[in-house]
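Below is entry_35.txt, which holds compact mmCIF, C-alpha atoms and all ligand atoms.
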# COMPACT_ATOMS: atom_id res chain seq x y z
CA MET A 1 0.00 0.00 0.00
CA ASP A 2 1.12 3.54 -0.72
CA VAL A 3 1.56 6.24 1.88
CA VAL A 4 0.26 9.58 0.61
CA GLU A 5 -0.16 13.08 1.99
CA LEU A 6 -3.78 13.52 2.97
CA GLY A 7 -5.68 16.70 2.10
CA PRO A 8 -8.67 18.72 3.26
CA SER A 9 -11.15 16.27 1.67
CA ASP A 10 -9.90 13.57 4.09
CA THR A 11 -10.74 15.59 7.21
CA ALA A 12 -13.97 13.85 8.22
CA ALA A 13 -12.64 10.32 7.62
CA ALA A 14 -9.37 11.02 9.45
CA VAL A 15 -11.16 12.51 12.45
CA ALA A 16 -13.54 9.52 12.49
CA LEU A 17 -10.52 7.19 12.51
CA TRP A 18 -8.92 9.13 15.37
CA GLN A 19 -12.16 8.91 17.33
CA GLU A 20 -12.48 5.18 16.64
CA THR A 21 -8.90 4.57 17.80
CA GLY A 22 -9.26 6.59 21.00
CA LEU A 23 -6.92 9.43 20.08
CA THR A 24 -9.30 12.39 20.41
CA ARG A 25 -9.97 14.37 23.57
CA PRO A 26 -12.93 16.72 24.18
CA TRP A 27 -10.63 19.69 24.78
CA ASN A 28 -8.84 19.29 21.41
CA ASP A 29 -10.50 20.16 18.10
CA ALA A 30 -9.25 17.28 15.96
CA ALA A 31 -10.55 18.75 12.69
CA ALA A 32 -8.69 22.01 13.45
CA ASP A 33 -5.54 19.98 14.23
CA PHE A 34 -5.91 18.25 10.86
CA ALA A 35 -6.42 21.55 9.00
CA ARG A 36 -3.40 23.19 10.63
CA ALA A 37 -1.14 20.22 9.86
CA VAL A 38 -2.28 19.89 6.25
CA GLY A 39 -2.11 23.64 5.63
CA GLY A 40 1.19 24.39 7.36
CA PRO A 41 4.57 24.66 5.63
CA SER A 42 6.38 22.25 7.97
CA SER A 43 3.76 19.59 8.66
CA ALA A 44 1.57 17.02 6.93
CA VAL A 45 -0.82 14.19 7.64
CA LEU A 46 0.42 11.00 6.00
CA GLY A 47 -2.09 8.27 5.32
CA VAL A 48 -2.88 4.97 3.69
CA ARG A 49 -6.18 4.75 1.84
CA GLU A 50 -8.29 1.68 1.18
CA ALA A 51 -11.13 2.24 -1.30
CA ASP A 52 -10.40 5.97 -1.02
CA VAL A 53 -10.86 6.02 2.76
CA PRO A 54 -7.89 6.51 5.11
CA VAL A 55 -7.36 3.35 7.22
CA GLY A 56 -4.10 4.61 8.69
CA THR A 57 -2.74 8.07 9.50
CA ALA A 58 0.26 9.78 11.08
CA MET A 59 0.59 13.53 11.54
CA VAL A 60 4.18 14.70 11.18
CA GLY A 61 5.80 18.10 11.62
CA HIS A 62 9.06 19.70 12.70
CA ASP A 63 10.76 22.75 14.17
CA GLY A 64 13.91 22.23 12.09
CA HIS A 65 15.68 20.08 14.69
CA ARG A 66 13.00 17.85 16.19
CA GLY A 67 10.37 16.06 14.20
CA TRP A 68 7.13 15.19 15.97
CA VAL A 69 4.54 12.53 15.24
CA TYR A 70 0.92 12.71 16.36
CA TYR A 71 -2.26 10.81 15.59
CA LEU A 72 -0.63 7.53 14.57
CA ALA A 73 -3.73 5.44 14.02
CA VAL A 74 -4.58 2.24 12.18
CA SER A 75 -8.20 1.15 11.94
CA PRO A 76 -8.86 -1.95 14.07
CA ALA A 77 -9.74 -3.99 10.96
CA ALA A 78 -6.41 -3.21 9.30
CA ARG A 79 -4.12 -3.79 12.29
CA GLY A 80 -1.38 -6.35 12.31
CA THR A 81 -0.69 -5.98 8.60
CA GLY A 82 2.29 -3.64 8.84
CA LEU A 83 0.54 -0.29 8.38
CA GLY A 84 1.72 1.16 11.70
CA ARG A 85 5.33 0.38 10.83
CA LEU A 86 4.84 1.64 7.27
CA LEU A 87 3.49 4.96 8.54
CA MET A 88 6.29 5.45 11.10
CA ASP A 89 8.85 4.64 8.38
CA ALA A 90 7.15 7.22 6.14
CA CYS A 91 7.33 9.84 8.92
CA GLU A 92 11.06 9.16 9.33
CA ARG A 93 11.57 9.50 5.59
CA TRP A 94 9.45 12.69 5.42
CA LEU A 95 11.62 14.26 8.15
CA SER A 96 14.94 13.00 6.78
CA GLU A 97 14.12 14.45 3.36
CA ARG A 98 13.76 17.85 5.08
CA GLY A 99 17.07 17.55 6.94
CA VAL A 100 15.46 17.02 10.36
CA PRO A 101 17.83 14.93 12.50
CA LYS A 102 15.48 13.65 15.22
CA ILE A 103 12.03 12.07 15.50
CA GLN A 104 10.08 11.98 18.74
CA PHE A 105 6.51 11.81 20.00
CA MET A 106 4.46 11.83 23.17
CA VAL A 107 2.53 8.83 24.44
CA ARG A 108 -0.31 9.42 26.87
CA THR A 109 0.30 7.83 30.26
CA ASP A 110 -2.94 5.82 29.93
CA ASN A 111 -1.77 4.31 26.61
CA THR A 112 0.99 2.08 27.97
CA GLY A 113 -0.08 -0.82 25.72
CA VAL A 114 1.40 0.93 22.71
CA LEU A 115 4.87 1.25 24.26
CA ALA A 116 5.79 -2.33 23.29
CA PHE A 117 4.94 -1.48 19.67
CA TYR A 118 7.30 1.52 19.67
CA ASP A 119 9.98 -0.46 21.50
CA HIS A 120 9.67 -3.17 18.83
CA LEU A 121 10.24 -0.51 16.16
CA GLY A 122 13.41 0.70 17.91
CA TYR A 123 12.23 3.89 19.62
CA ALA A 124 13.72 4.55 23.06
CA HIS A 125 12.34 6.28 26.13
CA GLN A 126 13.64 9.87 26.33
CA ASP A 127 14.68 11.25 29.69
CA VAL A 128 12.36 14.27 29.65
CA VAL A 129 9.15 15.39 31.30
CA VAL A 130 6.71 17.37 29.16
CA LEU A 131 5.27 20.50 30.80
CA GLY A 132 2.56 22.71 29.37
CA ARG A 133 -0.60 24.77 29.78
CA ARG A 134 -3.32 25.94 27.46
CA LEU A 135 -3.17 29.38 25.88
CA ASP A 136 -6.80 29.55 24.69
C1 LIG B 201 -0.22 1.21 17.48
C2 LIG B 201 -0.85 0.90 16.12
C3 LIG B 201 -0.70 2.11 15.23
C4 LIG B 201 -0.10 -0.30 15.51
O1 LIG B 201 -0.56 -0.46 14.18
P1 LIG B 201 -0.45 -1.86 13.37
O2 LIG B 201 -0.72 -1.53 11.95
O3 LIG B 201 -1.29 -2.90 14.01
O4 LIG B 201 1.09 -2.23 13.56
P2 LIG B 201 1.96 -3.11 12.55
O5 LIG B 201 1.11 -4.19 11.98
O6 LIG B 201 2.65 -2.21 11.58
O7 LIG B 201 3.03 -3.73 13.51
C5 LIG B 201 4.43 -3.50 13.32
C6 LIG B 201 5.18 -4.42 14.22
O8 LIG B 201 4.86 -4.11 15.60
C7 LIG B 201 4.33 -5.26 16.25
N1 LIG B 201 3.26 -4.78 17.12
C8 LIG B 201 2.09 -4.25 16.77
N2 LIG B 201 1.40 -3.89 17.87
C9 LIG B 201 2.17 -4.22 18.93
C10 LIG B 201 2.00 -4.10 20.34
N3 LIG B 201 0.91 -3.55 20.89
N4 LIG B 201 3.02 -4.54 21.14
C11 LIG B 201 4.13 -5.08 20.61
N5 LIG B 201 4.35 -5.22 19.27
C12 LIG B 201 3.37 -4.79 18.45
C13 LIG B 201 3.82 -6.17 15.14
O9 LIG B 201 3.84 -7.50 15.53
C14 LIG B 201 4.81 -5.87 14.01
O10 LIG B 201 5.98 -6.62 14.17
P3 LIG B 201 6.87 -7.06 12.88
O11 LIG B 201 6.95 -5.87 11.93
O12 LIG B 201 8.20 -7.43 13.45
O13 LIG B 201 6.12 -8.20 12.25
C15 LIG B 201 -2.34 0.51 16.27
O14 LIG B 201 -2.46 -0.54 17.22
C16 LIG B 201 -3.26 1.65 16.70
O15 LIG B 201 -3.77 2.38 15.86
N6 LIG B 201 -3.49 1.79 18.02
C17 LIG B 201 -4.45 2.79 18.53
C18 LIG B 201 -3.96 4.21 18.38
C19 LIG B 201 -2.71 4.50 19.21
O16 LIG B 201 -2.63 4.19 20.39
N7 LIG B 201 -1.73 5.18 18.54
C20 LIG B 201 -0.49 5.57 19.18
C21 LIG B 201 -0.63 6.88 19.87
S1 LIG B 201 0.87 7.33 20.74
What does the file become when written as structure tokens?
Ligand SMILES: CC(C)(COP(=O)(O)OP(=O)(O)OC[C@H]1O[C@@H](n2cnc3c(N)ncnc32)[C@H](O)[C@@H]1OP(=O)(O)O)[C@@H](O)C(=O)NCCC(=O)NCCS
Amino acid sequence: MDVVELGPSDTAAAVALWQETGLTRPWNDAAADFARAVGGPSSAVLGVREADVPVGTAMVGHDGHRGWVYYLAVSPAARGTGLGRLLMDACERWLSERGVPKIQFMVRTDNTGVLAFYDHLGYAHQDVVVLGRRLD
């Protein structure tokens, strides 16, 4: 399957996939996240389509040094077929092509089940704590 850059017409299907896979939160506007990533100069939403519908996504963006991945999601029906790995590989390639030397991402503390997946793909725990607050 091919990984492509998704566009505005994929918004509803991508958000539905993120909801189905438990990645959305009431305080985040997922459609606005999608629009910002697709419209920005240093970000994209990569995806794999089946019958024109995204069954896997990964949002990728960078600040020049660090590349970030968000919304890695594979529809339950398509899991275990290599799409998660394919999408993470595509994010690495997307960043490398832009000269970005590092890839990293946050994992919610209630999503510990996915850590074994990332470990299997060779990603290591980083010795940092993420701090933040909302500006809106
Ligand atoms: C995590 C997720 C993207 C994995 O997608 P997937 O398409 O099933 O993964 P793949 O089939 O590409 O698996 C790649 C490899 O990881 C392994 N793997 C998959 N899930 C795993 C898990 N939970 N623990 C350990 N290994 C796992 C596979 O066996 C495979 O190994 P191989 O390449 O050596 O054969 C998917 O389960 C998902 O969408 N989860 C819900 C959303 C989520 O939590 N996203 C991450 C937010 S931080």
Select all residues near (-13.7, 19.7, 17.6) (cut-off 12 Å, inclusive, file coordinates), counting all atoms listed in the file, and output them as a compact mmCIF listing (two decimals) with C-alpha atoms, keeping the file's coordinate frame.
# COMPACT_ATOMS: atom_id res chain seq x y z
CA THR A 11 -10.74 15.59 7.21
CA ALA A 12 -13.97 13.85 8.22
CA VAL A 15 -11.16 12.51 12.45
CA ALA A 16 -13.54 9.52 12.49
CA TRP A 18 -8.92 9.13 15.37
CA GLN A 19 -12.16 8.91 17.33
CA THR A 24 -9.30 12.39 20.41
CA ARG A 25 -9.97 14.37 23.57
CA PRO A 26 -12.93 16.72 24.18
CA TRP A 27 -10.63 19.69 24.78
CA ASN A 28 -8.84 19.29 21.41
CA ASP A 29 -10.50 20.16 18.10
CA ALA A 30 -9.25 17.28 15.96
CA ALA A 31 -10.55 18.75 12.69
CA ALA A 32 -8.69 22.01 13.45
CA ASP A 33 -5.54 19.98 14.23
CA PHE A 34 -5.91 18.25 10.86
CA ALA A 35 -6.42 21.55 9.00
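The closest residue to ligand LIG 201 (chain B), picked from A:Gly64, A:Pro8, A:Gly47, A:Gly132 and counting only C-alpha atoms and all ligand atoms, is A:Gly47.
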message = Please find the residues contacting ligand LIG 201 (chain B) at a distance of at most 12 Å between atoms, with all atoms listed in the file counted, and report them as a PyMOL selection string.
response = chain A and resi 17-24+47-48+55-59+68-90+104-123
I need the chosen residues saved as an mmCIF file, keeping the file's coordinate frame, with C-alpha atoms.
data_model
loop_
_atom_site.group_PDB
_atom_site.id
_atom_site.type_symbol
_atom_site.label_atom_id
_atom_site.label_comp_id
_atom_site.auth_asym_id
_atom_site.auth_seq_id
_atom_site.Cartn_x
_atom_site.Cartn_y
_atom_site.Cartn_z
ATOM 1 C CA LEU A 17 -10.520 7.190 12.510
ATOM 2 C CA TRP A 18 -8.920 9.130 15.370
ATOM 3 C CA GLN A 19 -12.160 8.910 17.330
ATOM 4 C CA GLU A 20 -12.480 5.180 16.640
ATOM 5 C CA THR A 21 -8.900 4.570 17.800
ATOM 6 C CA GLY A 22 -9.260 6.590 21.000
ATOM 7 C CA LEU A 23 -6.920 9.430 20.080
ATOM 8 C CA THR A 24 -9.300 12.390 20.410
ATOM 9 C CA GLY A 47 -2.090 8.270 5.320
ATOM 10 C CA VAL A 48 -2.880 4.970 3.690
ATOM 11 C CA VAL A 55 -7.360 3.350 7.220
ATOM 12 C CA GLY A 56 -4.100 4.610 8.690
ATOM 13 C CA THR A 57 -2.740 8.070 9.500
ATOM 14 C CA ALA A 58 0.260 9.780 11.080
ATOM 15 C CA MET A 59 0.590 13.530 11.540
ATOM 16 C CA TRP A 68 7.130 15.190 15.970
ATOM 17 C CA VAL A 69 4.540 12.530 15.240
ATOM 18 C CA TYR A 70 0.920 12.710 16.360
ATOM 19 C CA TYR A 71 -2.260 10.810 15.590
ATOM 20 C CA LEU A 72 -0.630 7.530 14.570
ATOM 21 C CA ALA A 73 -3.730 5.440 14.020
ATOM 22 C CA VAL A 74 -4.580 2.240 12.180
ATOM 23 C CA SER A 75 -8.200 1.150 11.940
ATOM 24 C CA PRO A 76 -8.860 -1.950 14.070
ATOM 25 C CA ALA A 77 -9.740 -3.990 10.960
ATOM 26 C CA ALA A 78 -6.410 -3.210 9.300
ATOM 27 C CA ARG A 79 -4.120 -3.790 12.290
ATOM 28 C CA GLY A 80 -1.380 -6.350 12.310
ATOM 29 C CA THR A 81 -0.690 -5.980 8.600
ATOM 30 C CA GLY A 82 2.290 -3.640 8.840
ATOM 31 C CA LEU A 83 0.540 -0.290 8.380
ATOM 32 C CA GLY A 84 1.720 1.160 11.700
ATOM 33 C CA ARG A 85 5.330 0.380 10.830
ATOM 34 C CA LEU A 86 4.840 1.640 7.270
ATOM 35 C CA LEU A 87 3.490 4.960 8.540
ATOM 36 C CA MET A 88 6.290 5.450 11.100
ATOM 37 C CA ASP A 89 8.850 4.640 8.380
ATOM 38 C CA ALA A 90 7.150 7.220 6.140
ATOM 39 C CA GLN A 104 10.080 11.980 18.740
ATOM 40 C CA PHE A 105 6.510 11.810 20.000
ATOM 41 C CA MET A 106 4.460 11.830 23.170
ATOM 42 C CA VAL A 107 2.530 8.830 24.440
ATOM 43 C CA ARG A 108 -0.310 9.420 26.870
ATOM 44 C CA THR A 109 0.300 7.830 30.260
ATOM 45 C CA ASP A 110 -2.940 5.820 29.930
ATOM 46 C CA ASN A 111 -1.770 4.310 26.610
ATOM 47 C CA THR A 112 0.990 2.080 27.970
ATOM 48 C CA GLY A 113 -0.080 -0.820 25.720
ATOM 49 C CA VAL A 114 1.400 0.930 22.710
ATOM 50 C CA LEU A 115 4.870 1.250 24.260
ATOM 51 C CA ALA A 116 5.790 -2.330 23.290
ATOM 52 C CA PHE A 117 4.940 -1.480 19.670
ATOM 53 C CA TYR A 118 7.300 1.520 19.670
ATOM 54 C CA ASP A 119 9.980 -0.460 21.500
ATOM 55 C CA HIS A 120 9.670 -3.170 18.830
ATOM 56 C CA LEU A 121 10.240 -0.510 16.160
ATOM 57 C CA GLY A 122 13.410 0.700 17.910
ATOM 58 C CA TYR A 123 12.230 3.890 19.620
#
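Proximity of A:Val60, A:Leu46, A:Val128, A:Ala51 to Leu6 of chain A, computed with all atoms listed in the file, is greatest for A:Leu46.
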note = The distance between atom CA of His125 of chain A and atom CA of Arg36 of chain A is 27.8 Å
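Using all atoms listed in the file, the shortest contact distance between Gly67 of chain A and any of A:Ala37, A:Met1, A:Val100, A:Val130 is found at A:Val100.
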request  = Give the answer as one residue: which of A:Arg98, A:Ala14, A:Arg93, A:Asp127 has the shortest atom-to-atom distance to Pro41 of chain A, using all atoms listed in the file?
outcome  =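 Closest residue, counting all atoms listed in the file: A:Arg98.
Here atom CA of Asp63 of chain A and atom CA of Trp94 of chain A stand 13.4 Å from one another.
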message = So the first atom is atom CA of Lys102 of chain A and the second is atom CA of Gly61 of chain A; what is the distance between them in Å, to one decimal place?
response =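 One can read the atom CA of Lys102 of chain A to atom CA of Gly61 of chain A distance as 11.2 Å.
Residue nearest His65 of chain A, chosen from A:Ser9, A:Leu131, A:Pro101, A:Val53 and counting all atoms listed in the file: A:Pro101.
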task = Rank A:Arg66, A:Leu95, A:Asp10, A:Ser42 by their smallest atom-to-atom distance to Pro54 of chain A, using all atoms listed in the file, and report the top residue only.
result =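 Selected residue with least distance to Pro54 of chain A: A:Asp10.
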Would you kindly place N, CA, C and O atoms on segment 86-103 of chain A and return the model as a compact mmCIF listing (two decimals), keeping the file's coordinate frame?
# COMPACT_ATOMS: atom_id res chain seq x y z
N LEU A 86 4.73 0.92 8.54
CA LEU A 86 4.84 1.64 7.27
C LEU A 86 4.70 3.15 7.48
O LEU A 86 5.46 3.95 6.92
N LEU A 87 3.74 3.54 8.31
CA LEU A 87 3.49 4.96 8.54
C LEU A 87 4.62 5.60 9.34
O LEU A 87 5.04 6.73 9.04
N MET A 88 5.15 4.90 10.35
CA MET A 88 6.29 5.45 11.10
C MET A 88 7.52 5.55 10.20
O MET A 88 8.26 6.54 10.27
N ASP A 89 7.74 4.56 9.35
CA ASP A 89 8.85 4.64 8.38
C ASP A 89 8.66 5.86 7.47
O ASP A 89 9.63 6.57 7.15
N ALA A 90 7.43 6.09 7.04
CA ALA A 90 7.15 7.22 6.14
C ALA A 90 7.40 8.55 6.86
O ALA A 90 7.90 9.50 6.25
N CYS A 91 7.06 8.61 8.15
CA CYS A 91 7.33 9.84 8.92
C CYS A 91 8.84 10.08 9.00
O CYS A 91 9.32 11.21 8.83
N GLU A 92 9.60 9.02 9.26
CA GLU A 92 11.06 9.16 9.33
C GLU A 92 11.61 9.67 8.00
O GLU A 92 12.47 10.55 7.96
N ARG A 93 11.10 9.10 6.92
CA ARG A 93 11.57 9.50 5.59
C ARG A 93 11.20 10.96 5.32
O ARG A 93 12.00 11.74 4.82
N TRP A 94 9.95 11.33 5.65
CA TRP A 94 9.45 12.69 5.42
C TRP A 94 10.37 13.68 6.14
O TRP A 94 10.72 14.72 5.59
N LEU A 95 10.76 13.36 7.37
CA LEU A 95 11.62 14.26 8.15
C LEU A 95 13.04 14.27 7.61
O LEU A 95 13.64 15.34 7.45
N SER A 96 13.57 13.08 7.30
CA SER A 96 14.94 13.00 6.78
C SER A 96 15.08 13.80 5.49
O SER A 96 16.09 14.50 5.28
N GLU A 97 14.08 13.72 4.64
CA GLU A 97 14.12 14.45 3.36
C GLU A 97 14.19 15.96 3.59
O GLU A 97 14.59 16.70 2.71
N ARG A 98 13.74 16.41 4.76
CA ARG A 98 13.76 17.85 5.08
C ARG A 98 14.94 18.22 5.98
O ARG A 98 14.99 19.33 6.53
N GLY A 99 15.86 17.27 6.17
CA GLY A 99 17.07 17.55 6.94
C GLY A 99 16.87 17.57 8.44
O GLY A 99 17.71 18.09 9.18
N VAL A 100 15.76 17.02 8.91
CA VAL A 100 15.46 17.02 10.36
C VAL A 100 16.14 15.82 10.99
O VAL A 100 15.90 14.68 10.59
N PRO A 101 17.01 16.04 12.00
CA PRO A 101 17.83 14.93 12.50
C PRO A 101 17.19 14.05 13.58
O PRO A 101 17.76 13.02 13.94
N LYS A 102 16.03 14.45 14.11
CA LYS A 102 15.48 13.65 15.22
C LYS A 102 13.97 13.49 15.07
O LYS A 102 13.28 14.42 14.64
N ILE A 103 13.48 12.31 15.46
CA ILE A 103 12.03 12.07 15.50
C ILE A 103 11.65 11.73 16.94
O ILE A 103 12.40 11.03 17.64
